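Peer 1: So I've got this file, data-v4.cif, and it contains mmCIF, C-alpha atoms:
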```
data_my_file
loop_
_atom_site.label_atom_id
_atom_site.label_comp_id
_atom_site.auth_asym_id
_atom_site.auth_seq_id
_atom_site.Cartn_x
_atom_site.Cartn_y
_atom_site.Cartn_z
CA MET A 272 145.77 86.20 152.81
CA LYS A 273 143.86 83.09 153.71
CA ASN A 274 146.47 80.71 155.06
CA SER A 275 146.10 77.87 152.59
CA HIS A 276 149.44 76.53 153.81
CA ILE A 277 147.89 76.16 157.27
CA SER A 278 145.08 73.97 155.99
CA ARG A 279 147.51 71.96 153.86
CA ARG A 280 149.67 71.33 156.92
CA LYS A 281 146.72 70.17 158.99
CA ALA A 282 145.54 67.92 156.17
CA ALA A 283 148.99 66.38 155.91
CA VAL A 284 149.03 65.43 159.59
CA ALA A 285 145.51 64.09 159.37
CA GLY A 286 146.40 62.04 156.33
CA ALA A 287 149.34 60.56 158.18
CA ALA A 288 147.56 59.78 161.42
CA GLY A 289 143.84 59.52 160.63
CA ILE A 290 140.86 61.80 161.26
CA VAL A 291 138.49 62.18 164.17
CA ALA A 292 134.94 61.32 163.09
CA PRO A 293 133.00 64.53 162.34
CA THR A 294 130.02 65.68 164.37
CA ILE A 295 127.43 68.42 163.89
CA MET A 296 126.79 70.71 166.86
CA THR A 297 124.50 73.63 167.51
CA ALA A 298 125.88 76.69 169.29
CA CYS A 299 124.09 78.38 172.16
CA GLY A 300 122.63 81.81 171.42
CA PRO A 301 121.56 82.49 167.83
CA LYS A 302 120.62 79.25 166.15
CA LYS A 303 123.38 78.33 163.78
CA LYS A 304 124.61 75.07 162.36
CA ILE A 305 128.27 74.61 163.25
CA ARG A 306 130.52 73.09 160.64
CA SER A 307 132.48 69.99 161.53
CA VAL A 308 136.23 70.41 161.12
CA ALA A 309 138.57 67.42 160.92
CA VAL A 310 141.15 67.34 163.71
CA PRO A 311 144.48 65.53 163.27
CA VAL A 312 144.85 62.50 165.49
CA MET A 313 147.96 63.00 167.58
CA ASN A 314 149.59 59.70 168.43
CA ASP A 315 151.24 59.06 171.78
CA THR A 316 154.32 57.78 169.96
CA ALA A 317 155.64 57.74 166.41
CA PRO A 318 155.52 54.49 164.42
CA ASP A 319 158.55 52.24 164.17
CA GLY A 320 160.76 52.24 161.12
CA PRO A 321 164.37 52.22 159.95
CA LEU A 322 166.89 54.00 162.14
CA LEU A 323 166.71 57.78 161.85
CA LYS A 324 169.93 59.63 162.68
CA ALA A 325 169.76 63.24 163.78
CA GLY A 326 172.42 65.89 164.14
CA LEU A 327 172.03 68.73 166.62
CA ILE A 328 173.27 72.22 165.75
CA GLY A 329 173.24 74.43 168.84
CA CYS A 330 173.92 72.50 172.04
CA GLY A 331 172.59 74.93 174.65
CA GLY A 332 169.63 74.35 176.93
CA ARG A 333 166.93 74.45 174.26
CA GLY A 334 169.00 72.44 171.81
CA THR A 335 169.68 69.73 174.38
CA GLY A 336 166.00 69.75 175.29
CA ALA A 337 164.98 69.35 171.65
CA ALA A 338 167.38 66.42 171.26
CA LEU A 339 165.82 64.70 174.28
CA ASN A 340 162.29 65.37 172.95
CA PHE A 341 163.33 63.85 169.62
CA LEU A 342 164.73 60.73 171.25
CA LYS A 343 161.46 60.21 173.16
CA ALA A 344 159.33 60.50 170.03
CA GLY A 345 159.43 56.83 169.09
CA PRO A 346 161.58 53.77 168.50
CA ASN A 347 164.80 53.57 166.51
CA LEU A 348 165.89 57.21 166.85
CA THR A 349 169.36 58.44 167.70
CA ILE A 350 171.66 61.47 167.75
CA THR A 351 174.93 60.92 165.89
CA ALA A 352 176.45 64.41 165.49
CA LEU A 353 176.74 67.61 167.51
CA GLY A 354 177.78 71.12 166.50
CA ASP A 355 178.29 74.29 168.53
CA LEU A 356 180.53 77.32 168.76
CA PHE A 357 181.61 76.63 172.33
CA THR A 358 183.30 73.57 173.82
CA ASP A 359 181.51 73.79 177.17
CA ARG A 360 178.10 73.77 175.52
CA LEU A 361 178.93 70.80 173.34
CA THR A 362 180.43 68.89 176.27
CA SER A 363 177.46 69.45 178.56
CA CYS A 364 175.04 68.31 175.85
CA ARG A 365 177.15 65.26 175.11
CA GLU A 366 177.22 64.31 178.78
CA ARG A 367 173.45 64.71 179.05
CA LEU A 368 172.92 62.46 176.04
CA LYS A 369 175.12 59.80 177.65
CA LYS A 370 172.49 59.50 180.39
CA GLU A 371 170.11 58.40 177.62
CA ASN A 372 172.70 55.84 176.38
CA ILE A 373 173.54 58.01 173.37
CA GLU A 374 177.29 58.11 172.72
CA VAL A 375 178.34 60.69 170.13
CA ALA A 376 181.74 59.86 168.68
CA ASP A 377 184.58 62.37 168.95
CA GLU A 378 184.83 62.62 165.18
CA LYS A 379 181.14 63.63 165.00
CA CYS A 380 181.50 66.55 167.42
CA PHE A 381 182.19 69.84 165.63
CA LEU A 382 183.10 73.33 166.85
CA GLY A 383 183.12 76.72 165.14
CA PHE A 384 180.95 78.90 162.95
CA ASP A 385 181.12 76.21 160.24
CA ALA A 386 180.09 73.38 162.58
CA TYR A 387 176.61 73.35 161.05
CA GLN A 388 178.02 72.40 157.67
CA LYS A 389 180.00 69.53 159.18
CA VAL A 390 176.96 68.20 161.05
CA ILE A 391 174.87 68.31 157.87
CA GLU A 392 177.59 66.44 155.97
CA SER A 393 178.10 63.81 158.71
CA GLY A 394 175.61 61.27 157.38
CA VAL A 395 172.50 62.32 159.33
CA ASP A 396 168.92 62.04 158.10
CA ILE A 397 167.55 64.84 160.24
CA VAL A 398 168.95 68.17 161.42
CA LEU A 399 167.83 69.84 164.65
CA LEU A 400 168.48 73.61 164.56
CA ALA A 401 168.68 75.37 167.92
CA THR A 402 171.34 78.09 167.63
CA PRO A 403 170.44 81.74 168.25
CA PRO A 404 167.82 82.56 165.59
CA SER A 405 169.98 84.98 163.59
CA PHE A 406 171.79 81.94 162.19
CA ARG A 407 168.60 80.03 161.36
CA PRO A 408 168.00 81.11 157.73
CA ASP A 409 171.47 80.03 156.54
CA HIS A 410 171.43 76.80 158.53
CA PHE A 411 167.94 75.93 157.29
CA GLU A 412 168.86 76.59 153.68
CA ALA A 413 172.00 74.44 153.96
CA ALA A 414 170.09 71.54 155.56
CA VAL A 415 167.31 71.55 152.95
CA SER A 416 169.80 71.89 150.09
CA ALA A 417 171.44 68.71 151.44
CA GLY A 418 168.09 66.91 151.47
CA LYS A 419 167.65 66.72 155.25
CA HIS A 420 164.42 66.77 157.22
CA VAL A 421 164.53 69.69 159.68
CA PHE A 422 163.29 70.53 163.12
CA MET A 423 164.10 74.16 163.88
CA GLU A 424 163.31 76.26 166.88
CA LYS A 425 161.33 79.49 166.66
CA PRO A 426 161.77 82.24 165.72
CA VAL A 427 163.10 81.35 162.32
CA CYS A 428 164.88 84.67 161.68
CA VAL A 429 165.43 88.16 163.08
CA ASP A 430 165.00 90.44 160.05
CA PRO A 431 163.04 90.76 156.78
CA VAL A 432 165.89 89.41 154.63
CA GLY A 433 166.02 86.28 156.80
CA ALA A 434 162.24 85.85 156.72
CA ARG A 435 162.17 85.88 152.93
CA GLN A 436 165.09 83.45 152.84
CA VAL A 437 163.20 81.03 155.08
CA MET A 438 160.05 81.36 152.96
CA ALA A 439 162.03 80.52 149.83
CA THR A 440 163.71 77.55 151.51
CA ALA A 441 160.32 76.36 152.80
CA GLU A 442 159.06 76.23 149.22
CA LYS A 443 162.18 74.31 148.17
CA ALA A 444 161.63 71.82 151.01
CA ARG A 445 158.02 71.39 149.93
CA GLY A 446 159.14 70.52 146.41
CA MET A 447 161.63 67.98 147.82
CA GLU A 448 158.92 66.46 150.06
CA LEU A 449 160.95 67.10 153.19
CA SER A 450 159.36 67.43 156.61
CA VAL A 451 160.01 70.68 158.48
CA VAL A 452 158.63 71.25 161.97
CA THR A 453 159.23 74.47 163.85
CA GLY A 454 159.19 75.18 167.58
CA THR A 455 155.70 76.69 167.66
CA GLN A 456 154.53 73.84 169.86
CA ARG A 457 150.99 75.12 170.40
CA HIS A 458 150.24 73.68 166.94
CA HIS A 459 150.98 70.30 168.54
CA GLN A 460 149.17 70.94 171.82
CA ARG A 461 146.00 68.89 171.79
CA ASP A 462 143.74 71.36 173.57
CA TYR A 463 144.83 74.24 171.33
CA VAL A 464 144.22 72.13 168.22
CA ALA A 465 140.75 71.16 169.45
CA ALA A 466 139.89 74.81 170.15
CA TRP A 467 141.22 75.79 166.71
CA ALA A 468 138.86 73.28 165.09
CA LYS A 469 135.86 74.71 166.98
CA VAL A 470 136.73 78.24 165.87
CA GLN A 471 137.21 77.09 162.27
CA GLY A 472 133.82 75.41 162.51
CA GLY A 473 132.18 78.71 163.38
CA MET A 474 131.45 78.28 167.08
CA ILE A 475 132.34 81.91 167.87
CA GLY A 476 131.02 83.24 164.55
CA ASP A 477 133.06 85.67 162.51
CA ILE A 478 136.26 86.87 164.20
CA VAL A 479 136.16 90.61 164.97
CA SER A 480 139.16 91.22 167.27
CA ALA A 481 141.88 89.53 169.30
CA ASN A 482 144.42 90.07 172.07
CA CYS A 483 147.66 88.26 172.80
CA TYR A 484 150.12 88.57 175.65
CA TRP A 485 153.49 87.37 176.89
CA ASN A 486 154.15 89.38 180.04
CA GLN A 487 156.64 87.87 182.46
CA GLY A 488 159.68 88.63 184.59
CA GLN A 489 163.18 89.32 183.39
CA LEU A 490 164.96 86.65 181.38
CA TRP A 491 168.49 85.46 182.04
CA TYR A 492 171.55 87.47 181.03
CA ARG A 493 175.35 87.16 181.08
CA ASP A 494 177.85 89.73 182.31
CA PRO A 495 180.99 90.25 180.20
CA ASN A 496 183.95 88.01 180.95
CA PRO A 497 187.49 89.30 180.37
CA SER A 498 188.45 86.00 178.76
CA TRP A 499 185.72 86.34 176.10
CA SER A 500 185.90 88.33 172.90
CA GLU A 501 183.03 90.69 172.20
CA MET A 502 181.53 88.18 169.74
CA GLU A 503 181.68 85.36 172.28
CA TYR A 504 180.10 87.55 174.92
CA MET A 505 177.25 88.61 172.66
CA ILE A 506 176.47 85.05 171.59
CA ARG A 507 176.57 83.79 175.18
CA ASP A 508 174.21 86.69 176.05
CA TRP A 509 172.26 86.25 172.81
CA VAL A 510 168.74 86.59 174.17
CA ASN A 511 169.45 90.26 175.00
CA TRP A 512 170.78 91.40 171.59
CA THR A 513 168.44 92.25 168.73
CA TRP A 514 170.72 91.01 165.97
CA LEU A 515 170.87 87.60 167.62
CA SER A 516 167.36 87.14 169.04
CA GLY A 517 165.17 89.66 167.21
CA ASP A 518 164.15 91.20 170.59
CA HIS A 519 161.59 89.42 172.74
CA ILE A 520 158.60 90.51 170.62
CA VAL A 521 160.14 88.20 168.01
CA GLU A 522 162.02 85.62 170.06
CA GLN A 523 159.29 84.85 172.62
CA HIS A 524 156.06 86.68 171.74
CA VAL A 525 156.08 85.00 168.31
CA HIS A 526 154.25 82.12 170.00
CA ASN A 527 151.22 84.28 170.79
CA ILE A 528 151.23 86.16 167.49
CA ASP A 529 151.43 82.80 165.74
CA VAL A 530 148.32 81.56 167.55
CA ILE A 531 146.36 84.60 166.33
CA ASN A 532 147.57 84.04 162.75
CA TRP A 533 146.70 80.36 162.99
CA PHE A 534 143.20 80.80 164.42
CA THR A 535 142.26 83.69 162.12
CA GLY A 536 143.94 82.26 159.02
CA ARG A 537 145.24 85.77 158.34
CA LYS A 538 148.29 87.96 158.79
CA PRO A 539 148.72 91.58 159.87
CA VAL A 540 148.83 94.23 157.16
CA SER A 541 150.14 97.03 159.40
CA ALA A 542 151.46 97.74 162.89
CA VAL A 543 151.74 100.78 165.15
CA SER A 544 153.70 100.09 168.31
CA PHE A 545 155.52 101.57 171.26
CA GLY A 546 158.01 100.20 173.75
CA ALA A 547 160.91 101.20 175.93
CA ARG A 548 163.91 100.04 177.90
CA ASN A 549 163.78 100.60 181.66
CA ARG A 550 165.58 97.87 183.56
CA ARG A 551 167.38 95.56 181.15
CA PRO A 552 171.03 95.22 182.35
CA THR A 553 172.67 94.03 179.10
CA GLY A 554 172.12 94.14 175.36
CA ASP A 555 170.28 96.68 173.23
CA GLN A 556 166.67 95.50 173.48
CA TYR A 557 163.45 96.89 174.92
CA ASP A 558 161.74 95.70 178.10
CA PHE A 559 158.21 95.95 176.74
CA PHE A 560 156.13 96.40 173.58
CA SER A 561 152.50 97.29 172.99
CA THR A 562 151.36 96.88 169.40
CA ASP A 563 148.16 97.54 167.48
CA PHE A 564 148.18 95.12 164.57
CA ILE A 565 145.55 95.53 161.87
CA TYR A 566 144.88 92.19 160.21
CA GLU A 567 143.30 91.49 156.85
CA GLY A 568 139.60 92.25 157.06
CA ASP A 569 140.24 95.30 159.32
CA ILE A 570 140.57 93.11 162.42
CA HIS A 571 142.45 94.85 165.25
CA VAL A 572 144.75 92.70 167.39
CA HIS A 573 146.33 94.14 170.52
CA SER A 574 149.70 92.51 171.18
CA MET A 575 151.49 93.08 174.48
CA CYS A 576 154.77 91.65 175.77
CA ARG A 577 156.98 92.57 178.71
CA GLN A 578 159.99 91.13 180.55
CA ILE A 579 160.19 93.09 183.83
CA ASN A 580 160.24 91.68 187.36
CA GLY A 581 157.57 92.67 189.87
CA CYS A 582 154.83 93.30 187.30
CA GLU A 583 151.55 91.62 186.36
CA ASN A 584 152.20 88.44 184.35
CA ASN A 585 150.03 87.07 181.57
CA VAL A 586 150.74 84.57 178.81
CA SER A 587 147.58 84.04 176.78
CA GLU A 588 145.66 84.55 173.56
CA TRP A 589 142.01 85.70 173.26
CA ILE A 590 139.78 85.90 170.21
CA GLN A 591 136.39 87.62 170.06
CA GLY A 592 133.79 86.59 167.50
CA THR A 593 130.32 87.76 166.61
CA GLU A 594 128.83 84.89 168.61
CA GLY A 595 131.35 84.21 171.35
CA ARG A 596 134.93 84.31 172.52
CA THR A 597 137.70 81.84 173.34
CA ASN A 598 140.96 81.63 175.25
CA CYS A 599 142.27 79.63 172.24
CA GLN A 600 143.18 76.73 174.50
CA ASN A 601 140.30 74.99 176.20
CA ILE A 602 137.15 77.11 176.67
CA ILE A 603 134.61 78.88 174.46
CA TRP A 604 131.95 81.22 175.87
CA ASP A 605 128.94 82.75 174.15
CA ASN A 606 128.43 86.50 174.25
CA ASN A 607 126.35 86.20 177.41
CA GLY A 608 129.33 84.65 179.22
CA ALA A 609 127.92 81.11 179.25
CA GLU A 610 130.42 78.32 178.62
CA VAL A 611 129.48 76.41 175.45
CA TRP A 612 132.55 74.20 175.07
CA ARG A 613 135.40 72.97 177.21
CA TYR A 614 138.24 70.62 176.31
CA GLN A 615 137.79 67.31 178.11
CA ASP A 616 140.65 65.01 177.12
CA TYR A 617 142.96 65.90 179.98
CA ARG A 618 144.30 63.44 182.52
CA LYS A 619 142.41 62.93 185.76
CA ASP A 620 143.92 63.09 189.21
CA GLY A 621 143.73 60.35 191.86
CA GLU A 622 140.24 61.43 192.84
CA GLY A 623 138.93 61.40 189.27
CA ASN A 624 138.97 65.17 188.80
CA LEU A 625 139.95 66.58 185.43
CA THR A 626 143.36 68.30 185.42
CA THR A 627 144.97 70.41 182.70
CA ASP A 628 147.68 67.81 182.03
CA LEU A 629 147.75 66.40 178.52
CA PRO A 630 148.59 62.73 177.86
CA VAL A 631 151.58 63.97 175.82
CA GLY A 632 153.10 67.41 176.28
CA PRO A 633 153.49 69.65 173.23
CA TYR A 634 157.31 69.65 173.28
CA ASP A 635 157.23 65.87 172.89
CA GLN A 636 154.19 65.90 170.59
CA GLU A 637 155.82 68.09 167.97
CA HIS A 638 158.63 65.55 167.60
CA ILE A 639 156.19 62.64 167.53
CA ASP A 640 154.30 64.38 164.71
CA PHE A 641 157.61 65.18 162.99
CA VAL A 642 158.85 61.57 163.02
CA THR A 643 155.38 60.30 162.11
CA SER A 644 155.32 62.52 159.03
CA ILE A 645 158.72 61.20 157.92
CA ARG A 646 157.90 57.55 158.48
CA THR A 647 154.46 57.70 156.87
CA GLY A 648 155.74 59.62 153.86
CA VAL A 649 153.29 62.50 154.38
CA PRO A 650 155.52 65.59 154.67
CA LEU A 651 154.71 68.20 157.28
CA ASN A 652 156.06 71.67 156.47
CA GLU A 653 155.54 74.50 158.97
CA ALA A 654 158.38 76.79 157.89
CA GLU A 655 156.44 79.31 155.82
CA GLU A 656 153.74 79.66 158.45
CA THR A 657 156.29 80.35 161.18
CA ALA A 658 158.21 82.75 158.93
CA ILE A 659 155.01 84.77 158.48
CA SER A 660 154.44 84.88 162.24
CA THR A 661 158.08 85.85 162.80
CA MET A 662 157.78 88.61 160.22
CA ALA A 663 154.72 89.92 162.08
CA GLY A 664 156.84 90.22 165.24
CA ILE A 665 159.53 91.98 163.22
CA MET A 666 156.88 94.47 162.00
CA GLY A 667 155.92 95.23 165.59
CA ARG A 668 159.56 95.66 166.62
CA ILE A 669 160.39 98.02 163.76
CA ALA A 670 157.23 100.04 164.47
CA ALA A 671 158.22 100.44 168.13
CA TYR A 672 161.88 101.21 167.40
CA THR A 673 160.97 103.89 164.83
CA GLY A 674 157.64 105.16 166.16
CA LYS A 675 156.27 104.82 162.62
CA LYS A 676 153.43 102.81 161.13
CA VAL A 677 154.91 99.78 159.38
CA THR A 678 153.10 97.78 156.71
CA TRP A 679 153.43 94.19 155.57
CA ASP A 680 154.39 95.30 152.08
CA GLU A 681 157.18 97.45 153.51
CA VAL A 682 158.77 94.63 155.49
CA MET A 683 158.38 92.19 152.62
CA ASN A 684 160.40 94.60 150.47
CA SER A 685 162.83 95.72 153.18
CA GLU A 686 166.54 95.04 152.77
CA LEU A 687 167.11 95.23 156.56
CA LYS A 688 169.61 92.58 157.62
CA LEU A 689 170.91 92.63 161.19
CA GLY A 690 174.30 91.58 162.50
CA PRO A 691 177.93 91.80 161.39
CA LYS A 692 179.08 90.90 157.90
CA VAL A 693 181.96 88.78 159.21
CA PHE A 694 181.71 86.15 161.94
CA VAL A 695 184.91 85.81 163.94
CA LEU A 696 185.59 85.58 167.66
CA GLY A 697 186.72 89.18 167.94
CA ASP A 698 185.14 92.62 167.92
CA VAL A 699 181.61 92.99 166.52
CA ASP A 700 181.26 95.88 164.08
CA ILE A 701 177.59 96.87 164.50
CA ASP A 702 175.61 99.71 166.06
CA LYS A 703 174.98 98.72 169.69
CA SER A 704 172.89 101.74 170.72
CA VAL A 705 169.32 101.34 171.99
CA PRO A 706 166.78 102.54 169.39
CA VAL A 707 164.98 105.82 170.13
CA PRO A 708 161.58 106.16 168.40
CA GLY A 709 160.96 109.25 166.30
CA GLU A 710 164.62 109.83 165.47
CA LYS A 711 164.65 108.06 162.10
#
```
Could you render the structure from this file as structure tokens?
Peer 2:
Amino acid sequence: MKNSHISRRKAAVAGAAGIVAPTIMTACGPKKKIRSVAVPVMNDTAPDGPLLKAGLIGCGGRGTGAALNFLKAGPNLTITALGDLFTDRLTSCRERLKKENIEVADEKCFLGFDAYQKVIESGVDIVLLATPPSFRPDHFEAAVSAGKHVFMEKPVCVDPVGARQVMATAEKARGMELSVVTGTQRHHQRDYVAAWAKVQGGMIGDIVSANCYWNQGQLWYRDPNPSWSEMEYMIRDWVNWTWLSGDHIVEQHVHNIDVINWFTGRKPVSAVSFGARNRRPTGDQYDFFSTDFIYEGDIHVHSMCRQINGCENNVSEWIQGTEGRTNCQNIIWDNNGAEVWRYQDYRKDGEGNLTTDLPVGPYDQEHIDFVTSIRTGVPLNEAEETAISTMAGIMGRIAAYTGKKVTWDEVMNSELKLGPKVFVLGDVDIDKSVPVPGEK
């Protein structure tokens, strides 16, 4: 699959914001004319326009952060509605917004599993989705059906049924000319975008292999509280439960997998993986995964992710071509190890030395691009692309849990849907055992 939706998305941003003038360059090593690829101009702020009212669904740390990023994106933006399952989360978000002079009225603050519906119906133009990702497909479908522009955090689902639901809703949003931006912020990180353009232009030749990593220490967790039901405990500890987060190969490592998909313009066709649980204190997830993805064109991609303290850390993506390699962010080397390109548009320090600080960070930039697309009438729709990357992570997880080779066609036809059938603050009727590969 050549990702035509990727090129359409880039063209949409470029059409909204303008195009960098093309140049022709010659690569070091074998003489080859490098194609010029248009790069979207990323503005430092979104243009002015009529007031845009957003509602936030999911008022935890990331949701509150997304709301603040949205408010910084440009003039005449506000938050008018909040929804969450828990009072303390909603209250803390509301208090943080007050520091930005945003007062959310009592009647626009909603609690419960149906809070998302009430936020969508509250008169907002935009919906910000930041609940645990298991809820994302239904919330996204409801927002688009109501004609709302959507920012939603990654990953966009936790299982194949959810991925297909998001893909279908993405197509519906495209037909309605709605803007949908996901939380894969590297697509809005100026150095990554510049490196992407160089790779698309042929600077490293034909892509032959890739590696991607998210190895870090243990994430946060919550111990059970006697005052909480099992459902409340699981949702408060959501990042450690597969039905809520997708496991960290999906919830976190999706960023790195997504970069490989984006740069190659392809998706994996199969995965063989292994992983295990050694030190995780709560939940049912693994501590690490190591996956051999085979991409279209017989390209092997080694994917590695780990969340264990005291180990070697690495968060990066690497692509090898016939004529060079890149770290996907700011440097390209030829096959002799000589640097042939380096990103230069970073800020300089007090002594005039180039830093690695961008004029606008990617968490702010994605909201600037989002608001720009709405106000210029050039829709930006990233949902299908992120659903494909999420599904790739799901492939790797299933392969590790089962010990079997898993193909793209299998997951696209799988009826696997995680989580309980009924959502109430009581007991959770699901299998909570840790998967053992080779047993099924």
Peer 1: Which neighbours of Gln471 in chain A fall inside 12 Å, counting only C-alpha atoms, when residues of the same chain fewer than 6 positions from it are skipped, and could you give them as a ChimeraX atom specification?
Peer 2: /A:277-278,305-310,464-465,477-478,533-536,592,599
Peer 1: Taking the file as shown, find all residues satisfying the PyMOL selection byres ((chain A and resi 521-529) around 10) and write them as a ChimeraX atom specification.
Peer 2: /A:403-404,424-430,454-458,482-486,510,513,515-520,530-535,538-539,560,564,572-577,586-589,656-668
Peer 1: Which value, in Å to one decimal, gives the distance between CA of Ile328 in chain A and CA of Gly354 in chain A?
Peer 2: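 According to the coordinates, CA of Ile328 in chain A and CA of Gly354 in chain A are separated by 4.7 Å.
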Peer 1: Between CA of Ala352 in chain A and CA of Gly326 in chain A, what is the distance, to one decimal in Å?
Peer 2: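 These atoms are spaced 4.5 Å apart.
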Peer 1: Mind giving me the straight-line distance from CA of Ala317 in chain A to CA of Phe641 in chain A in Å, one decimal?
Peer 2: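 Calculated distance between CA of Ala317 in chain A and CA of Phe641 in chain A is 8.4 Å.
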Peer 1: Determine the nearest neighbour of His571 in chain A from the options A:Ser704, A:Gln600, A:Asn652, A:Ser480, counting all atoms listed in the file.
Peer 2: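 Distance minimum relative to His571 in chain A lands on A:Ser480.
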Peer 1: Would you kindly return, as a list in words, each protein, DNA or RNA residue with an atom no farther than 9 Å from any atom of range 411-417 of chain A, considering only C-alpha atoms and excluding same-chain residues fewer than 4 positions away?
Peer 2: Tyr387, Gln388, Ile391, Glu392, Ile397, Val398, Leu400, Phe406, Arg407, Val421, Met423, Val427, Gln436, Val437, Ala439, Thr440, Ala441, Lys443, Ala444, Met447 and Leu449 of chain A
Peer 1: What residues have an atom no more than 8 Å from (163.5, 101.6, 176.3) in the file's own frame, counting only C-alpha atoms, and can you write them as a VMD selection string?
Peer 2: chain A and resid 546 to 549 556 to 559 705 to 707
Peer 1: Residues of the last selection are to be written out with C-alpha atoms, as a PDB file, in the coordinates of the input.
Peer 2:
```
ATOM      1  CA  GLY A 546     158.010 100.200 173.750  1.00  0.00           C
ATOM      2  CA  ALA A 547     160.910 101.200 175.930  1.00  0.00           C
ATOM      3  CA  ARG A 548     163.910 100.040 177.900  1.00  0.00           C
ATOM      4  CA  ASN A 549     163.780 100.600 181.660  1.00  0.00           C
ATOM      5  CA  GLN A 556     166.670  95.500 173.480  1.00  0.00           C
ATOM      6  CA  TYR A 557     163.450  96.890 174.920  1.00  0.00           C
ATOM      7  CA  ASP A 558     161.740  95.700 178.100  1.00  0.00           C
ATOM      8  CA  PHE A 559     158.210  95.950 176.740  1.00  0.00           C
ATOM      9  CA  VAL A 705     169.320 101.340 171.990  1.00  0.00           C
ATOM     10  CA  PRO A 706     166.780 102.540 169.390  1.00  0.00           C
ATOM     11  CA  VAL A 707     164.980 105.820 170.130  1.00  0.00           C
TER      12      VAL A 707
END
```
Peer 1: Using the chain letters and numbering of this document, enumerate as a PDB file with C-alpha atoms, in the coordinates of the input the residues selected by the PyMOL selection byres ((chain A and resi 344) around 10).
Peer 2:
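Once everything was written out, this is part23.pdb:
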```pdb
ATOM      1  CA  ASN A 314     149.590  59.700 168.430  1.00  0.00           C
ATOM      2  CA  ASP A 315     151.240  59.060 171.780  1.00  0.00           C
ATOM      3  CA  THR A 316     154.320  57.780 169.960  1.00  0.00           C
ATOM      4  CA  ALA A 317     155.640  57.740 166.410  1.00  0.00           C
ATOM      5  CA  PRO A 318     155.520  54.490 164.420  1.00  0.00           C
ATOM      6  CA  LEU A 339     165.820  64.700 174.280  1.00  0.00           C
ATOM      7  CA  ASN A 340     162.290  65.370 172.950  1.00  0.00           C
ATOM      8  CA  PHE A 341     163.330  63.850 169.620  1.00  0.00           C
ATOM      9  CA  LEU A 342     164.730  60.730 171.250  1.00  0.00           C
ATOM     10  CA  LYS A 343     161.460  60.210 173.160  1.00  0.00           C
ATOM     11  CA  GLY A 345     159.430  56.830 169.090  1.00  0.00           C
ATOM     12  CA  PRO A 346     161.580  53.770 168.500  1.00  0.00           C
ATOM     13  CA  ASN A 347     164.800  53.570 166.510  1.00  0.00           C
ATOM     14  CA  LEU A 348     165.890  57.210 166.850  1.00  0.00           C
ATOM     15  CA  TYR A 634     157.310  69.650 173.280  1.00  0.00           C
ATOM     16  CA  ASP A 635     157.230  65.870 172.890  1.00  0.00           C
ATOM     17  CA  GLN A 636     154.190  65.900 170.590  1.00  0.00           C
ATOM     18  CA  GLU A 637     155.820  68.090 167.970  1.00  0.00           C
ATOM     19  CA  HIS A 638     158.630  65.550 167.600  1.00  0.00           C
ATOM     20  CA  ILE A 639     156.190  62.640 167.530  1.00  0.00           C
ATOM     21  CA  ASP A 640     154.300  64.380 164.710  1.00  0.00           C
ATOM     22  CA  PHE A 641     157.610  65.180 162.990  1.00  0.00           C
ATOM     23  CA  VAL A 642     158.850  61.570 163.020  1.00  0.00           C
ATOM     24  CA  THR A 643     155.380  60.300 162.110  1.00  0.00           C
TER      25      THR A 643
END
```
Peer 1: Rank A:Leu490, A:Met313, A:Leu356, A:Val432 by their smallest atom-to-atom distance to Arg507 in chain A, using only C-alpha atoms, and report the top residue only.
Peer 2: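 Going through A:Leu490, A:Met313, A:Leu356, A:Val432 one by one, the smallest distance to Arg507 in chain A is for A:Leu356.
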Peer 1: Given 5 Å on each side, where is the centre and what are the edge lengths in Å to one decimal of the axis-aligned box enclosing the listed atoms of range 648-655 of chain A, as AutoDock Vina command-line options?
Peer 2:
```
--center_x 155.8 --center_y 69.5 --center_z 156.4 --size_x 15.1 --size_y 29.7 --size_z 15.1
```
Peer 1: Convert the output of the PyMOL selection byres ((chain A and resi 605-610) around 6) on the shown file into explicit residues, formatted as a list in words.
Peer 2: Glu594, Gly595, Ile603, Trp604, Val611 and Trp612 of chain A
Peer 1: With all atoms listed in the file as the basis for distance, which of A:Pro630, A:Gly674, A:Gly648, A:Pro691 is at the shortest distance from Arg461 in chain A?
Peer 2: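 The answer is A:Pro630, which sits nearest to Arg461 in chain A.
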Peer 1: With distances taken over only C-alpha atoms, which of A:Val682, A:Gly332, A:Glu503, A:Lys370 is nearest to Phe384 in chain A?
Peer 2: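 Going through A:Val682, A:Gly332, A:Glu503, A:Lys370 one by one, the smallest distance to Phe384 in chain A is for A:Glu503.
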